[in-house]
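Source file: upload23.cif; contents: mmCIF, C-alpha atoms.
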```cif
data_coords
loop_
_atom_site.group_PDB
_atom_site.id
_atom_site.type_symbol
_atom_site.label_atom_id
_atom_site.label_comp_id
_atom_site.auth_asym_id
_atom_site.auth_seq_id
_atom_site.Cartn_x
_atom_site.Cartn_y
_atom_site.Cartn_z
ATOM 1 C CA MET A 16 16.604 5.412 0.375
ATOM 2 C CA ASN A 17 16.702 8.258 -2.146
ATOM 3 C CA ALA A 18 15.265 11.699 -1.390
ATOM 4 C CA ALA A 19 12.465 11.418 -3.964
ATOM 5 C CA LEU A 20 11.262 8.162 -2.439
ATOM 6 C CA GLU A 21 11.406 9.604 1.059
ATOM 7 C CA GLU A 22 9.335 12.552 -0.128
ATOM 8 C CA ILE A 23 6.676 10.450 -1.847
ATOM 9 C CA LEU A 24 6.301 8.146 1.150
ATOM 10 C CA GLU A 25 4.973 11.202 2.989
ATOM 11 C CA VAL A 26 2.310 12.238 0.445
ATOM 12 C CA PRO A 27 -1.291 10.924 0.533
ATOM 13 C CA GLU A 28 -1.930 7.599 -1.171
ATOM 14 C CA ALA A 29 -4.188 9.178 -3.806
ATOM 15 C CA THR A 30 -1.216 11.253 -4.976
ATOM 16 C CA GLN A 31 1.042 8.207 -4.963
ATOM 17 C CA ILE A 32 -1.485 6.342 -7.105
ATOM 18 C CA SER A 33 -1.879 9.111 -9.669
ATOM 19 C CA ARG A 34 1.894 9.507 -9.895
ATOM 20 C CA PHE A 35 2.328 5.745 -10.303
ATOM 21 C CA GLN A 36 -0.300 5.737 -13.050
ATOM 22 C CA ALA A 37 1.721 8.477 -14.748
ATOM 23 C CA GLY A 38 4.792 6.205 -14.660
ATOM 24 C CA ASP A 39 6.574 7.370 -11.497
ATOM 25 C CA ARG A 40 8.837 4.574 -10.206
ATOM 26 C CA ASP A 41 9.198 6.007 -6.703
ATOM 27 C CA ALA A 42 5.423 6.259 -6.349
ATOM 28 C CA PHE A 43 5.140 2.593 -7.300
ATOM 29 C CA THR A 44 7.856 1.707 -4.766
ATOM 30 C CA ALA A 45 5.935 3.574 -2.072
ATOM 31 C CA LEU A 46 2.718 1.706 -2.939
ATOM 32 C CA TYR A 47 4.596 -1.588 -2.970
ATOM 33 C CA ARG A 48 6.053 -0.937 0.482
ATOM 34 C CA THR A 49 2.667 0.010 1.883
ATOM 35 C CA HIS A 50 0.610 -2.820 0.430
ATOM 36 C CA SER A 51 2.966 -5.747 -0.147
ATOM 37 C CA PRO A 52 2.887 -6.958 3.499
ATOM 38 C CA ALA A 53 -0.922 -7.289 3.403
ATOM 39 C CA VAL A 54 -0.831 -9.074 0.029
ATOM 40 C CA PHE A 55 1.907 -11.385 1.326
ATOM 41 C CA ARG A 56 0.025 -12.160 4.545
ATOM 42 C CA PHE A 57 -3.194 -12.926 2.674
ATOM 43 C CA ALA A 58 -1.329 -15.280 0.321
ATOM 44 C CA LEU A 59 0.559 -16.837 3.237
ATOM 45 C CA HIS A 60 -2.635 -17.580 5.134
ATOM 46 C CA MET A 61 -4.311 -18.930 2.027
ATOM 47 C CA THR A 62 -1.452 -21.214 0.993
ATOM 48 C CA GLY A 63 0.345 -21.873 4.285
ATOM 49 C CA ASP A 64 3.571 -21.612 2.271
ATOM 50 C CA ARG A 65 6.008 -18.663 2.367
ATOM 51 C CA ALA A 66 7.571 -19.401 -1.025
ATOM 52 C CA LYS A 67 4.181 -19.485 -2.731
ATOM 53 C CA ALA A 68 3.098 -16.352 -0.872
ATOM 54 C CA ALA A 69 6.207 -14.525 -2.115
ATOM 55 C CA GLU A 70 5.519 -15.715 -5.655
ATOM 56 C CA ILE A 71 1.930 -14.493 -5.512
ATOM 57 C CA THR A 72 3.013 -11.127 -4.081
ATOM 58 C CA GLN A 73 5.403 -10.731 -6.986
ATOM 59 C CA ASP A 74 2.717 -11.708 -9.517
ATOM 60 C CA VAL A 75 0.211 -9.238 -8.046
ATOM 61 C CA PHE A 76 2.570 -6.259 -8.293
ATOM 62 C CA VAL A 77 3.882 -7.252 -11.718
ATOM 63 C CA TRP A 78 0.257 -7.394 -12.832
ATOM 64 C CA LEU A 79 -0.302 -3.926 -11.347
ATOM 65 C CA ILE A 80 2.706 -2.576 -13.265
ATOM 66 C CA HIS A 81 1.192 -3.771 -16.522
ATOM 67 C CA HIS A 82 -2.374 -2.660 -15.698
ATOM 68 C CA PRO A 83 -1.921 0.669 -13.880
ATOM 69 C CA HIS A 84 -5.238 2.071 -15.076
ATOM 70 C CA ASP A 85 -7.326 -0.968 -14.171
ATOM 71 C CA TYR A 86 -7.524 0.427 -10.670
ATOM 72 C CA ASP A 87 -10.065 3.207 -10.328
ATOM 73 C CA PRO A 88 -9.802 5.058 -6.981
ATOM 74 C CA ALA A 89 -13.464 6.083 -7.312
ATOM 75 C CA ARG A 90 -14.491 2.453 -6.821
ATOM 76 C CA GLY A 91 -12.713 1.857 -3.531
ATOM 77 C CA ALA A 92 -9.378 1.676 -1.773
ATOM 78 C CA LEU A 93 -6.308 0.084 -3.321
ATOM 79 C CA GLY A 94 -5.916 -2.478 -0.506
ATOM 80 C CA PRO A 95 -9.156 -4.405 -1.191
ATOM 81 C CA PHE A 96 -8.498 -4.104 -4.934
ATOM 82 C CA LEU A 97 -5.103 -5.773 -4.525
ATOM 83 C CA ALA A 98 -6.686 -8.403 -2.282
ATOM 84 C CA GLY A 99 -9.080 -9.157 -5.159
ATOM 85 C CA VAL A 100 -6.153 -9.471 -7.583
ATOM 86 C CA SER A 101 -4.305 -11.739 -5.102
ATOM 87 C CA ARG A 102 -7.381 -13.888 -4.923
ATOM 88 C CA GLN A 103 -7.424 -14.301 -8.700
ATOM 89 C CA MET A 104 -3.720 -15.199 -8.681
ATOM 90 C CA LEU A 105 -4.334 -17.773 -5.953
ATOM 91 C CA HIS A 106 -7.151 -19.340 -7.966
ATOM 92 C CA ARG A 107 -4.879 -19.562 -10.996
ATOM 93 C CA LEU A 108 -2.057 -21.066 -8.955
ATOM 94 C CA GLN A 109 -4.420 -23.611 -7.489
ATOM 95 C CA ARG A 110 -5.766 -24.576 -10.932
ATOM 96 C CA THR A 111 -2.218 -25.028 -12.230
ATOM 97 C CA GLU A 112 -1.151 -27.079 -9.232
ATOM 98 C CA ARG A 113 -4.240 -29.253 -9.387
ATOM 99 C CA ARG A 114 -3.424 -29.987 -13.017
ATOM 100 C CA TRP A 115 0.016 -31.342 -12.143
ATOM 101 C CA LEU A 116 -0.461 -33.060 -8.756
ATOM 102 C CA SER A 117 0.228 -36.756 -8.560
ATOM 103 C CA PHE A 118 -2.065 -38.984 -6.507
ATOM 104 C CA ASP A 119 0.471 -39.060 -3.685
ATOM 105 C CA GLN A 120 0.619 -35.270 -3.479
ATOM 106 C CA SER A 121 -3.061 -34.518 -3.871
ATOM 107 C CA PRO A 122 -4.522 -32.858 -0.787
ATOM 108 C CA THR A 123 -6.544 -35.114 1.430
ATOM 109 C CA PRO A 124 -10.015 -33.878 2.298
ATOM 110 C CA LEU A 125 -10.122 -32.390 5.779
ATOM 111 C CA ALA A 126 -12.576 -34.879 7.195
ATOM 112 C CA GLU A 127 -10.366 -37.850 6.324
ATOM 113 C CA THR A 128 -7.335 -36.496 8.181
ATOM 114 C CA ALA A 129 -9.221 -35.339 11.250
ATOM 115 C CA ASP A 130 -7.565 -36.534 14.393
ATOM 116 C CA PRO A 131 -9.119 -35.136 17.590
ATOM 117 C CA ALA A 132 -6.196 -36.307 19.704
ATOM 118 C CA ARG A 133 -3.755 -34.161 17.748
ATOM 119 C CA ALA A 134 -1.832 -31.518 19.677
ATOM 120 C CA LEU A 135 -3.328 -28.046 19.529
ATOM 121 C CA ASP A 136 -0.379 -26.391 17.939
ATOM 122 C CA LEU A 137 -0.620 -23.354 15.736
ATOM 123 C CA GLU A 138 1.352 -24.825 12.879
ATOM 124 C CA ALA A 139 -1.168 -27.616 12.576
ATOM 125 C CA LEU A 140 -3.946 -25.038 12.560
ATOM 126 C CA ARG A 141 -2.177 -23.106 9.804
ATOM 127 C CA ARG A 142 -1.950 -26.263 7.741
ATOM 128 C CA ALA A 143 -5.597 -27.037 8.392
ATOM 129 C CA ILE A 144 -6.633 -23.566 7.260
ATOM 130 C CA ALA A 145 -4.607 -23.991 4.082
ATOM 131 C CA ARG A 146 -6.453 -27.259 3.439
ATOM 132 C CA LEU A 147 -9.955 -25.909 3.946
ATOM 133 C CA PRO A 148 -12.066 -25.764 0.801
ATOM 134 C CA LEU A 149 -11.304 -22.478 -0.937
ATOM 135 C CA ARG A 150 -14.571 -20.676 -0.208
ATOM 136 C CA TYR A 151 -14.397 -21.393 3.534
ATOM 137 C CA ARG A 152 -10.670 -20.682 3.671
ATOM 138 C CA GLU A 153 -11.188 -17.253 2.121
ATOM 139 C CA ALA A 154 -13.808 -16.352 4.685
ATOM 140 C CA VAL A 155 -11.690 -17.507 7.641
ATOM 141 C CA VAL A 156 -8.558 -15.765 6.348
ATOM 142 C CA LEU A 157 -10.283 -12.493 5.457
ATOM 143 C CA CYS A 158 -12.389 -12.178 8.609
ATOM 144 C CA ASP A 159 -10.475 -14.014 11.334
ATOM 145 C CA LEU A 160 -6.850 -13.570 10.305
ATOM 146 C CA GLU A 161 -6.868 -10.362 8.260
ATOM 147 C CA GLY A 162 -9.470 -8.638 10.419
ATOM 148 C CA HIS A 163 -11.673 -7.450 7.554
ATOM 149 C CA ARG A 164 -15.265 -6.535 8.273
ATOM 150 C CA TYR A 165 -17.921 -8.776 6.691
ATOM 151 C CA GLU A 166 -18.725 -6.097 4.093
ATOM 152 C CA GLU A 167 -15.090 -5.762 3.033
ATOM 153 C CA ALA A 168 -14.618 -9.527 2.898
ATOM 154 C CA ALA A 169 -17.770 -9.869 0.783
ATOM 155 C CA THR A 170 -16.482 -7.237 -1.653
ATOM 156 C CA ILE A 171 -13.117 -8.965 -1.975
ATOM 157 C CA ALA A 172 -14.659 -12.432 -2.361
ATOM 158 C CA GLY A 173 -17.288 -11.130 -4.786
ATOM 159 C CA CYS A 174 -20.288 -12.428 -2.874
ATOM 160 C CA ALA A 175 -23.044 -11.219 -0.556
ATOM 161 C CA VAL A 176 -22.418 -10.403 3.109
ATOM 162 C CA GLY A 177 -24.727 -13.238 4.189
ATOM 163 C CA THR A 178 -22.709 -15.681 2.100
ATOM 164 C CA ILE A 179 -19.480 -14.627 3.804
ATOM 165 C CA ARG A 180 -21.070 -15.088 7.200
ATOM 166 C CA SER A 181 -22.288 -18.571 6.401
ATOM 167 C CA ARG A 182 -18.956 -19.566 4.821
ATOM 168 C CA LEU A 183 -17.124 -18.271 7.884
ATOM 169 C CA HIS A 184 -19.423 -20.240 10.149
ATOM 170 C CA ARG A 185 -18.917 -23.412 8.129
ATOM 171 C CA GLY A 186 -15.136 -22.901 7.916
ATOM 172 C CA ARG A 187 -14.827 -22.443 11.644
ATOM 173 C CA GLU A 188 -17.021 -25.458 12.229
ATOM 174 C CA LEU A 189 -14.667 -27.587 10.107
ATOM 175 C CA LEU A 190 -11.628 -26.296 11.988
ATOM 176 C CA GLU A 191 -13.233 -26.867 15.379
ATOM 177 C CA ARG A 192 -14.193 -30.383 14.382
ATOM 178 C CA LYS A 193 -10.595 -31.068 13.457
ATOM 179 C CA PHE A 194 -8.845 -29.368 16.348
ATOM 180 C CA LEU A 195 -10.910 -29.144 19.433
ATOM 181 C CA PRO A 196 -11.927 -32.085 21.544
ATOM 182 C CA LYS A 197 -15.697 -32.234 22.004
ATOM 183 C CA GLU A 198 -15.657 -30.880 25.554
ATOM 184 C CA LYS A 199 -13.833 -27.694 24.471
ATOM 185 C CA ARG A 200 -16.156 -26.732 21.602
ATOM 186 C CA MET B 2 -7.055 -22.799 24.026
ATOM 187 C CA THR B 3 -10.200 -22.051 22.020
ATOM 188 C CA LEU B 4 -10.270 -21.729 18.243
ATOM 189 C CA ASP B 5 -10.792 -17.959 18.580
ATOM 190 C CA GLU B 6 -7.676 -17.661 20.725
ATOM 191 C CA MET B 7 -5.634 -19.779 18.341
ATOM 192 C CA LEU B 8 -6.743 -17.726 15.330
ATOM 193 C CA ALA B 9 -5.986 -14.495 17.191
ATOM 194 C CA LYS B 10 -2.533 -15.816 18.038
ATOM 195 C CA ILE B 11 -1.784 -16.668 14.411
ATOM 196 C CA ALA B 12 -3.028 -13.230 13.310
ATOM 197 C CA ALA B 13 -0.786 -11.553 15.921
ATOM 198 C CA GLU B 14 2.239 -13.678 15.000
ATOM 199 C CA ASP B 15 1.841 -12.855 11.313
ATOM 200 C CA ALA B 16 1.056 -9.170 11.767
ATOM 201 C CA GLN B 17 4.655 -8.251 10.918
ATOM 202 C CA ALA B 18 5.081 -10.799 8.119
ATOM 203 C CA ALA B 19 6.401 -9.265 4.925
ATOM 204 C CA PRO B 20 7.690 -10.579 1.599
ATOM 205 C CA PRO B 21 11.445 -11.120 1.216
ATOM 206 C CA HIS B 22 13.423 -8.068 0.034
ATOM 207 C CA SER B 23 14.372 -9.875 -3.168
ATOM 208 C CA ILE B 24 10.757 -9.605 -4.337
ATOM 209 C CA GLU B 25 10.895 -5.798 -4.261
ATOM 210 C CA SER B 26 13.985 -5.716 -6.461
ATOM 211 C CA ARG B 27 12.463 -8.227 -8.899
ATOM 212 C CA VAL B 28 9.257 -6.232 -9.131
ATOM 213 C CA LEU B 29 11.172 -2.986 -9.664
ATOM 214 C CA ARG B 30 13.227 -4.634 -12.419
ATOM 215 C CA GLU B 31 9.909 -5.420 -14.098
ATOM 216 C CA PHE B 32 8.874 -1.784 -13.645
ATOM 217 C CA ASP B 33 12.065 -0.629 -15.350
ATOM 218 C CA GLY B 34 11.152 -2.826 -18.289
ATOM 219 C CA PRO B 35 13.331 -4.769 -20.688
ATOM 220 C CA PRO B 36 16.582 -3.214 -21.932
ATOM 221 C CA LYS B 37 16.188 -0.974 -24.950
ATOM 222 C CA PRO B 38 16.621 -2.902 -28.209
ATOM 223 C CA VAL B 39 19.813 -2.445 -30.170
ATOM 224 C CA ARG B 40 19.267 -0.292 -33.236
ATOM 225 C CA SER B 41 18.565 -2.478 -36.235
ATOM 226 C CA TRP B 42 20.716 -2.208 -39.364
ATOM 227 C CA ILE B 43 17.546 -2.013 -41.467
ATOM 228 C CA PRO B 44 16.881 1.656 -42.302
ATOM 229 C CA ALA B 45 13.755 3.024 -40.655
ATOM 230 C CA TRP B 46 12.133 3.975 -43.955
ATOM 231 C CA THR B 47 12.454 0.400 -45.244
ATOM 232 C CA ALA B 48 10.709 -0.961 -42.185
ATOM 233 C CA ALA B 49 7.978 1.699 -42.425
ATOM 234 C CA ALA B 50 7.377 0.938 -46.117
ATOM 235 C CA ALA B 51 7.161 -2.786 -45.398
ATOM 236 C CA ALA B 52 4.685 -2.129 -42.589
ATOM 237 C CA CYS B 53 2.523 0.018 -44.905
ATOM 238 C CA VAL B 54 2.486 -2.675 -47.603
ATOM 239 C CA ALA B 55 1.574 -5.340 -45.045
ATOM 240 C CA ALA B 56 -1.181 -3.169 -43.535
ATOM 241 C CA ALA B 57 -2.619 -2.422 -46.991
ATOM 242 C CA ALA B 58 -2.607 -6.103 -47.887
ATOM 243 C CA ILE B 59 -4.379 -7.024 -44.654
ATOM 244 C CA ALA B 60 -6.920 -4.216 -45.060
ATOM 245 C CA LEU B 61 -7.769 -5.329 -48.608
ATOM 246 C CA ARG B 62 -8.256 -8.944 -47.547
ATOM 247 C CA GLN B 63 -10.279 -8.321 -44.393
ATOM 248 C CA PRO B 64 -14.099 -8.268 -44.529
ATOM 249 C CA PRO B 65 -15.669 -4.957 -43.502
ATOM 250 C CA PRO B 66 -15.593 -4.539 -39.707
ATOM 251 C CA VAL B 67 -18.624 -5.685 -37.788
ATOM 252 C CA PRO B 68 -20.244 -2.766 -35.957
ATOM 253 C CA ALA B 69 -19.309 -2.841 -32.295
ATOM 254 C CA ALA B 70 -21.916 -3.509 -29.667
ATOM 255 C CA GLU B 71 -23.860 -0.436 -28.661
ATOM 256 C CA ARG B 72 -22.618 -0.555 -25.116
ATOM 257 C CA PRO B 73 -19.352 -1.759 -23.623
ATOM 258 C CA PHE B 74 -19.014 -4.417 -20.958
ATOM 259 C CA LEU B 75 -18.595 -2.981 -17.471
ATOM 260 C CA PRO B 76 -16.023 -4.848 -15.372
ATOM 261 C CA VAL B 77 -17.309 -6.284 -12.100
ATOM 262 C CA PRO B 78 -15.559 -4.298 -9.343
ATOM 263 C CA TYR B 79 -12.591 -5.951 -7.632
ATOM 264 C CA THR B 80 -12.169 -8.704 -10.165
ATOM 265 C CA ALA B 81 -8.947 -9.012 -12.080
ATOM 266 C CA PRO B 82 -9.422 -9.053 -15.857
ATOM 267 C CA PRO B 83 -8.877 -12.418 -17.535
ATOM 268 C CA ALA B 84 -5.404 -13.370 -18.696
ATOM 269 C CA THR B 85 -4.822 -13.294 -22.450
ATOM 270 C CA TYR B 86 -4.732 -17.077 -22.583
ATOM 271 C CA GLU B 87 -7.891 -17.512 -20.523
ATOM 272 C CA ARG B 88 -11.032 -18.967 -22.110
ATOM 273 C CA THR B 89 -14.103 -16.815 -21.538
ATOM 274 C CA SER B 90 -17.773 -17.084 -22.442
ATOM 275 C CA VAL B 91 -20.678 -14.659 -22.685
ATOM 276 C CA VAL B 92 -24.121 -15.717 -21.455
ATOM 277 C CA ARG B 93 -27.312 -13.697 -21.822
ATOM 278 C CA MET B 94 -29.330 -14.098 -18.640
ATOM 279 C CA ASP B 95 -31.791 -12.449 -16.286
ATOM 280 C CA VAL B 96 -29.770 -10.976 -13.444
ATOM 281 C CA PRO B 97 -31.431 -9.831 -10.191
ATOM 282 C CA VAL B 98 -30.975 -6.077 -9.741
ATOM 283 C CA ALA B 99 -30.024 -6.795 -6.122
ATOM 284 C CA ALA B 100 -27.135 -8.973 -7.321
ATOM 285 C CA LEU B 101 -25.809 -6.133 -9.474
ATOM 286 C CA VAL B 102 -26.032 -3.768 -6.518
ATOM 287 C CA ALA B 103 -24.285 -6.315 -4.268
ATOM 288 C CA ALA B 104 -21.517 -6.649 -6.840
ATOM 289 C CA GLY B 105 -20.881 -2.918 -6.607
ATOM 290 C CA PHE B 106 -22.790 -1.508 -9.590
ATOM 291 C CA GLU B 107 -24.872 1.617 -9.318
ATOM 292 C CA VAL B 108 -28.267 0.618 -10.713
ATOM 293 C CA HIS B 109 -31.134 3.065 -11.189
ATOM 294 C CA ALA B 110 -34.151 0.808 -11.481
ATOM 295 C CA PRO B 111 -37.617 1.434 -10.050
ATOM 296 C CA ASP B 112 -37.873 -2.148 -8.788
ATOM 297 C CA ALA B 113 -34.774 -3.216 -6.851
ATOM 298 C CA GLY B 114 -36.314 -6.654 -6.378
ATOM 299 C CA GLY B 115 -36.719 -7.230 -10.102
ATOM 300 C CA GLU B 116 -34.473 -8.716 -12.745
ATOM 301 C CA ILE B 117 -32.681 -7.214 -15.686
ATOM 302 C CA GLN B 118 -31.489 -8.911 -18.848
ATOM 303 C CA ALA B 119 -27.744 -8.700 -19.320
ATOM 304 C CA ASP B 120 -24.845 -10.283 -21.157
ATOM 305 C CA VAL B 121 -22.471 -11.651 -18.531
ATOM 306 C CA LEU B 122 -18.825 -12.396 -19.339
ATOM 307 C CA PHE B 123 -17.594 -15.448 -17.415
ATOM 308 C CA GLY B 124 -13.949 -16.375 -16.884
ATOM 309 C CA GLN B 125 -12.463 -19.828 -17.116
ATOM 310 C CA ASP B 126 -13.101 -20.407 -13.420
ATOM 311 C CA GLY B 127 -16.791 -19.645 -13.813
ATOM 312 C CA ARG B 128 -16.662 -16.245 -12.157
ATOM 313 C CA ALA B 129 -18.499 -13.263 -13.628
ATOM 314 C CA LEU B 130 -15.943 -10.737 -14.891
ATOM 315 C CA ALA B 131 -18.061 -8.126 -16.656
ATOM 316 C CA VAL B 132 -21.660 -7.245 -17.411
ATOM 317 C CA ARG B 133 -23.410 -5.529 -20.321
ATOM 318 C CA ILE B 134 -27.039 -4.548 -19.813
ATOM 319 C CA VAL B 135 -29.341 -5.353 -22.732
ATOM 320 C CA PRO B 136 -30.998 -2.029 -23.765
ATOM 321 C CA ASP B 137 -34.494 -3.544 -24.292
ATOM 322 C CA SER B 138 -34.333 -4.932 -20.791
ATOM 323 C CA GLU B 139 -33.805 -1.448 -19.376
ATOM 324 C CA ARG B 140 -36.876 -0.200 -21.209
ATOM 325 C CA ARG B 141 -38.833 -3.115 -19.798
ATOM 326 C CA ILE B 142 -37.723 -2.225 -16.286
ATOM 327 C CA SER B 143 -38.468 1.461 -16.630
ATOM 328 C CA GLN B 144 -41.995 0.544 -17.703
#
```
Serialized structure, structure tokens:
Amino acid sequence: MNAALEEILEVPEATQISRFQAGDRDAFTALYRTHSPAVFRFALHMTGDRAKAAEITQDVFVWLIHHPHDYDPARGALGPFLAGVSRQMLHRLQRTERRWLSFDQSPTPLAETADPARALDLEALRRAIARLPLRYREAVVLCDLEGHRYEEAATIAGCAVGTIRSRLHRGRELLERKFLPKEKR
Amino acid sequence: MTLDEMLAKIAAEDAQAAPPHSIESRVLREFDGPPKPVRSWIPAWTAAAAACVAAAAIALRQPPPVPAAERPFLPVPYTAPPATYERTSVVRMDVPVAALVAAGFEVHAPDAGGEIQADVLFGQDGRALAVRIVPDSERRISQ
């Protein structure tokens, strides 16, 4: 790691952002190292696929490089802003994939694949989350897996706090119906 | 194991997940930009003269510019702007003041439960991307 990068990793994020917006490569690297894990995790939970999550992470930061001034620190922290951009990238990816899926590959609705006798393994739960309808998946990922508060999740998803709560409730209900035998619910 | 426990376990397992290192180098290559173009053999003044002639020709053929709208669109916070290829549409509608506040706008209206007329820019996926308040509507609200 070069000395300039080491130095900028120590400065407050607001300084890193203003230096990045002025074209500083090391400041951008510092921001990437701070925020890329969260972007990657969000994409991973949403897609259930590491390759796609890596692709989305790359797209988000390439977008940031080309739109440095679209982020306004006065409107909130960079983390939720990048989560919002990731969300847009995910929507685009999903639209593109939907356009090209064959019948054999098209995702089966959750209710049709439900199998209460299925083993309660985490990988199956990951896959089930990735198959939830988008609005419920977002709520489950943001609140249950990413640990965002309802207000933060609502800001990222662009909806009201009450809507996030009801989507989370519905998403969890769908997962419970799929995974937990009746006596455990 | 309950659903809560399973979700907590996934969250804990993935807490250290990070993108592969190759992504950082790809992104930084993008930051560095494309290699500088090789100097053209065409003299700079020739290119500048051609550009001037082309600009003059376009200016003479274009109709006079339409006056821009009085107010710009304000982007909805935390939404990425549409891609250049994306189809967008503008719809004039009555928007609840509460919805604007919930979306992150600072609205100074006497009646927070009322509605305000605005032009809303929608993206291809049907999401609102930006809002422009109609001036007459503001007068109506302030009355």
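Counting all atoms listed in the file, Tyr86 (chain A) has the following residues at most 10 Å away, ignoring those fewer than 2 positions along the same chain: A:Ile32, A:Gln36, A:Leu79, A:His82, A:Pro83, A:His84, A:Pro88, A:Ala89, A:Arg90, A:Gly91, A:Ala92, A:Leu93, A:Phe96, A:Leu97, B:Pro78, B:Tyr79, B:Ala81.
Taking CA of Phe76 (chain A) as the reference point, CA of Tyr86 (chain B) is found at 19.4 Å.
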Next item on the list: Taking the file as shown, find all residues satisfying the PyMOL selection byres ((chain A) within 6 of (chain B)) and write them as an NGL selection string.
Entry: :A and (52 or 55 or 69 or 96 or 99-100 or 160)
Could those residues be written to a file, using C-alpha atoms, as a PDB file, in the frame of the given file?
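Ended up saving to part09.pdb:
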```pdb
ATOM      1  CA  PRO A  52       2.887  -6.958   3.499  1.00  0.00           C
ATOM      2  CA  PHE A  55       1.907 -11.385   1.326  1.00  0.00           C
ATOM      3  CA  ALA A  69       6.207 -14.525  -2.115  1.00  0.00           C
ATOM      4  CA  PHE A  96      -8.498  -4.104  -4.934  1.00  0.00           C
ATOM      5  CA  GLY A  99      -9.080  -9.157  -5.159  1.00  0.00           C
ATOM      6  CA  VAL A 100      -6.153  -9.471  -7.583  1.00  0.00           C
ATOM      7  CA  LEU A 160      -6.850 -13.570  10.305  1.00  0.00           C
TER       8      LEU A 160
END
```
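Coordinates place CA of Ile80 (chain A) at a distance of 9.9 Å from CA of Arg40 (chain A).
Evaluated against the shown file, the PyMOL selection byres ((chain A and resi 142-157) around 7) gives His60, Met61, Thr62, Gly63, Leu125, Glu138, Ala139, Leu140, Arg141, Cys158, Asp159, Leu160, Glu161, Gly162, His163, Ala168, Ile179, Arg182, Leu183, Arg185 and Gly186 of chain A.
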Next item on the list: Name the residues captured by the PyMOL selection byres ((chain A and resi 71) around 9) when it is applied to the shown file; answer as a ChimeraX atom specification.
Entry: /A:54-55,58,66-70,72-76,101,104-105,108
Next item on the list: Work out how far CA of Leu46 (chain A) is from CA of Glu21 (chain A), in Å to one decimal.
Entry: 12.4 Å
Check: Can you list, as a ChimeraX atom specification, every protein, DNA or RNA residue that comes within 9 Å of Leu122 (chain B) when you count all atoms listed in the file, leaving out same-chain residues fewer than 5 positions away?
Finding: /B:74,76,89-93,128-133
Mind dumping the selected residues with C-alpha atoms as a tab-separated table (two decimals), in the frame of the given file?
```tsv
chain	number	residue	atom	x	y	z
B	74	PHE	CA	-19.01	-4.42	-20.96
B	76	PRO	CA	-16.02	-4.85	-15.37
B	89	THR	CA	-14.10	-16.82	-21.54
B	90	SER	CA	-17.77	-17.08	-22.44
B	91	VAL	CA	-20.68	-14.66	-22.68
B	92	VAL	CA	-24.12	-15.72	-21.46
B	93	ARG	CA	-27.31	-13.70	-21.82
B	128	ARG	CA	-16.66	-16.24	-12.16
B	129	ALA	CA	-18.50	-13.26	-13.63
B	130	LEU	CA	-15.94	-10.74	-14.89
B	131	ALA	CA	-18.06	-8.13	-16.66
B	132	VAL	CA	-21.66	-7.24	-17.41
B	133	ARG	CA	-23.41	-5.53	-20.32
```
